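Colleague: Sharing a structure, written as structure tokens. Questions coming.
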Amino acid sequence: MNKQKMKLSNTGTLPLFITLLSLIGLLVISIFYFHYQWVSTFKVGWLSIPLSVTFTNLTCILILNIPIPRKKVDPTHDLQAANKLAEGAWCSVYQKVGEPSRVVKQLYFCGWGHNDYSKHRAFVLGREKVCGAWTPLVLWFIHNYMLFYQILGLKRRMKLEGRITALPKTYALKPFQLRYEQEYVPYALTPETCPADIIEQFQQLNAELKACGVYIDDVHARNVRITEDGKIKLVDGELYTDAEESVKSQLVVLFNGEMVAGMNKVLDNERIIVWKDHRMTVDQIWATTKQTIERRTHLSCLI
């Protein structure tokens, strides 16, 4: 296949995002115009504009808090007999029954699984910022918009996994069920399992990402696993184009200000991004591993 065709478009979904913002802006302007026309009938003079702005804000707040019911059936109901390997912020991971070389990953529908937005900057009236049996429209929208990028990231993984060696194989993606299968990678990244050549492996990953025109996001230590032969595999993390990455990073910090202080490079690789938050990083794992290697080297020299 032509390598140039495998490089994703720089703009990616940015036109879609701009269109969405434009539609939201048009809706707000329409609400303001409606209120302005209504307020003007009372002939209140210069108060027409501030009153219209106030009523517009109140209307938008009420719209954002319209309760949306969740999916009736637990999406993991048919996986209960399987061995659950992990549960993260966005999905549960199960060993595939009868095929231990694969795992089944179920992304959370809004209202199921971990749906805590209490530390996010979203205006919710009189209730906790948690998605449940009923979810405020603003949280429902944020949750599903992020799911859109997770599904998009999975499609991009399937397209590029042959050219990006650190991506495990993805199978059987079912977007409407928010479910997919993935190659099972046996070992967590720890100081004990960390490959001695992890720096070189991440540098190779960075070069491959650059060749494909993408960044990979949210690469904290739990999202990196190690194969039997000591190769890194990134089992989670979305792929973003050049234009998408800068916008995405700013939005993550904007809406997750209490939890995410910014973005860092992983092992100084500009296309491999980790959020500045409470989670263990690859850099921390490598720092501990490096100290262990240096101690062993020093001891061997003394013997």
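As shown in the structure tokens, the chain order sets the letters A, B, ...; within each chain, residues go from 1, and ligands are also counted from 1 in the order they appear.
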Would you write out, as a tab-separated table, a table of all residues in range 60-166 of chain A that have an atom no more than 7 Å from an atom of range 226-246 of chain A, listing for each the closest atom pair and the distance in Å to one decimal, considering only C-alpha atoms and ordering rows by chain and rising residue number?

Modeller:
```
residue	atom	partner	partner_atom	distance
A:Gln150	CA	A:Glu238	CA	6.1
A:Gly153	CA	A:Glu238	CA	4.8
A:Arg156	CA	A:Leu239	CA	6.8
A:Ala166	CA	A:Lys233	CA	4.6
```

Colleague: Could you save the residues just selected, with N, CA and C atoms, as a PDB file, in the first residue's frame?

Modeller:
```
ATOM      1  N   GLN A 150     -13.132   7.718  21.010  1.00  0.00           N
ATOM      2  CA  GLN A 150     -12.569   6.406  21.317  1.00  0.00           C
ATOM      3  C   GLN A 150     -12.830   5.414  20.180  1.00  0.00           C
ATOM      4  N   GLY A 153     -10.659   6.418  17.367  1.00  0.00           N
ATOM      5  CA  GLY A 153      -9.292   5.985  17.644  1.00  0.00           C
ATOM      6  C   GLY A 153      -9.091   4.507  17.371  1.00  0.00           C
ATOM      7  N   ARG A 156      -8.838   3.984  13.694  1.00  0.00           N
ATOM      8  CA  ARG A 156      -7.499   4.400  13.246  1.00  0.00           C
ATOM      9  C   ARG A 156      -6.446   3.364  13.633  1.00  0.00           C
ATOM     10  N   ALA A 166       3.863  -1.001  18.009  1.00  0.00           N
ATOM     11  CA  ALA A 166       3.518  -1.062  19.427  1.00  0.00           C
ATOM     12  C   ALA A 166       2.015  -1.126  19.667  1.00  0.00           C
TER      13      ALA A 166
END
```

Colleague: Go through range 38-161 of chain A and collect every residue that DSSP, computed from the backbone, puts in helix (DSSP H, G or I); the answer should be as number ranges by chain.

Modeller: A: 38-40, 45-64, 77-79, 137-160

Colleague: Here is a test: counting only C-alpha atoms, which residue of A:Cys91, A:Ile142, A:Ala82, A:Leu62 is nearest to Leu107 in chain A?

Modeller: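 Of A:Cys91, A:Ile142, A:Ala82, A:Leu62, the one nearest Leu107 in chain A is A:Cys91, counting only C-alpha atoms.
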
Colleague: Using only C-alpha atoms, which protein or nucleic acid residues come within 12 Å of Asp78 in chain A? Drop anything in the same chain fewer than 2 positions from it, and give the result as number ranges by chain.

Modeller: A: 73-76, 80-83, 94, 96-97, 104, 106, 179

Colleague: Identify which of the residues A:Val266, A:Lys155, A:Tyr149, A:Val274 lies closest to Phe17 in chain A, counting only C-alpha atoms when measuring atom-to-atom distances.

Modeller: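 The shortest atom-to-atom distance to Phe17 in chain A comes from A:Tyr149.
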
Colleague: Using only C-alpha atoms, which residues sit within 10 Å of Pro100 in chain A once same-chain residues fewer than 5 positions away are excluded, as a list of chain:residue names?

Modeller: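 Those residues are A:Tyr94, A:Gln95, A:Glu183, A:Tyr184.
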
Colleague: A:Lys276, A:Cys194, A:Arg295, A:Cys131: which is nearest Gly262 in chain A, counting only C-alpha atoms?

Modeller: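 Once distances to Gly262 in chain A are computed over only C-alpha atoms, the minimum belongs to A:Lys276.
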
Colleague: What does the distance between CA of Ala211 in chain A and CA of Arg163 in chain A come to in Å, to one decimal place?

Modeller: 8.9 Å

Colleague: Would you return as a PyMOL selection string the members of range 12-261 of chain A that DSSP assigns to strand (DSSP E) on this structure's backbone?

Modeller: chain A and resi 67-69+84-87+91-95+102-107+134-136+170-174+179-183+187-188+214-216+224-226+232-234+239-241

Colleague: What lies within 9 Å of Tyr117 in chain A using only C-alpha atoms, ignoring chain neighbours under 3 positions off, as a short mmCIF file (atom, residue, chain, number, x, y, z; two decimals) with C-alpha atoms, in the first residue's frame?

Modeller:
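File written: result-v2.cif
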```cif
data_model
loop_
_atom_site.label_atom_id
_atom_site.label_comp_id
_atom_site.auth_asym_id
_atom_site.auth_seq_id
_atom_site.Cartn_x
_atom_site.Cartn_y
_atom_site.Cartn_z
CA HIS A 120 -15.19 18.28 35.55
CA ARG A 121 -16.22 21.81 34.65
CA ALA A 122 -19.76 21.17 33.51
CA GLU A 128 -23.88 15.37 41.66
CA LYS A 129 -22.07 15.32 38.35
CA VAL A 130 -22.55 11.58 37.94
CA CYS A 131 -24.16 9.72 35.06
CA LEU A 139 -22.92 15.14 30.83
CA ASN A 256 -10.69 18.55 33.68
#
```

Colleague: Near Met259 in chain A, within 7 Å and counting only C-alpha atoms, which residues show up once chain neighbours fewer than 2 positions away are dropped, as a PyMOL selection string?

Modeller: chain A and resi 119+256-257+261+277

Colleague: Could you turn the residues from that selection into a file that holds N, CA and C atoms, as a PDB file, in the first residue's frame?

Modeller:
```pdb
ATOM      1  N   LYS A 119     -15.456  16.237  39.144  1.00  0.00           N
ATOM      2  CA  LYS A 119     -14.340  17.195  39.091  1.00  0.00           C
ATOM      3  C   LYS A 119     -14.186  17.829  37.713  1.00  0.00           C
ATOM      4  N   ASN A 256     -11.170  19.418  32.603  1.00  0.00           N
ATOM      5  CA  ASN A 256     -10.692  18.552  33.684  1.00  0.00           C
ATOM      6  C   ASN A 256      -9.687  19.276  34.569  1.00  0.00           C
ATOM      7  N   GLY A 257      -9.896  20.581  34.751  1.00  0.00           N
ATOM      8  CA  GLY A 257      -8.908  21.413  35.429  1.00  0.00           C
ATOM      9  C   GLY A 257      -8.493  20.936  36.801  1.00  0.00           C
ATOM     10  N   ALA A 261      -3.451  18.767  35.013  1.00  0.00           N
ATOM     11  CA  ALA A 261      -2.731  20.042  35.030  1.00  0.00           C
ATOM     12  C   ALA A 261      -2.144  20.395  33.668  1.00  0.00           C
ATOM     13  N   ASP A 277      -1.500  13.962  35.823  1.00  0.00           N
ATOM     14  CA  ASP A 277      -2.493  13.688  36.859  1.00  0.00           C
ATOM     15  C   ASP A 277      -1.900  12.733  37.886  1.00  0.00           C
TER      16      ASP A 277
END
```

Colleague: I'd like the interatomic distance between CA of Leu267 in chain A and CA of Ile285 in chain A, to a tenth of an Å.

Modeller: 10.5 Å

Colleague: Rounded to one decimal, what separation in Å do you get between CA of Arg271 in chain A and CA of His220 in chain A?

Modeller: 13.7 Å

Colleague: Counting only C-alpha atoms, which of A:Leu8, A:Leu154, A:Val53, A:Leu251 gets nearest to Lys210 in chain A?

Modeller: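 Of A:Leu8, A:Leu154, A:Val53, A:Leu251, the one nearest Lys210 in chain A, counting only C-alpha atoms, is A:Leu8.
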
Colleague: When distances are computed from only C-alpha atoms, which of A:Arg70, A:Gln291, A:Thr193, A:His35 shows the smallest separation from Thr54 in chain A?

Modeller: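 Nearest candidate to Thr54 in chain A out of A:Arg70, A:Gln291, A:Thr193, A:His35: A:His35.
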
Colleague: Compile the contact shell of Ala133 in chain A as a ChimeraX atom specification: residues with an atom at most 12 Å away, counting only C-alpha atoms, same-chain residues fewer than 3 positions apart removed.

Modeller: /A:67-74,109-113,115,130,136,140
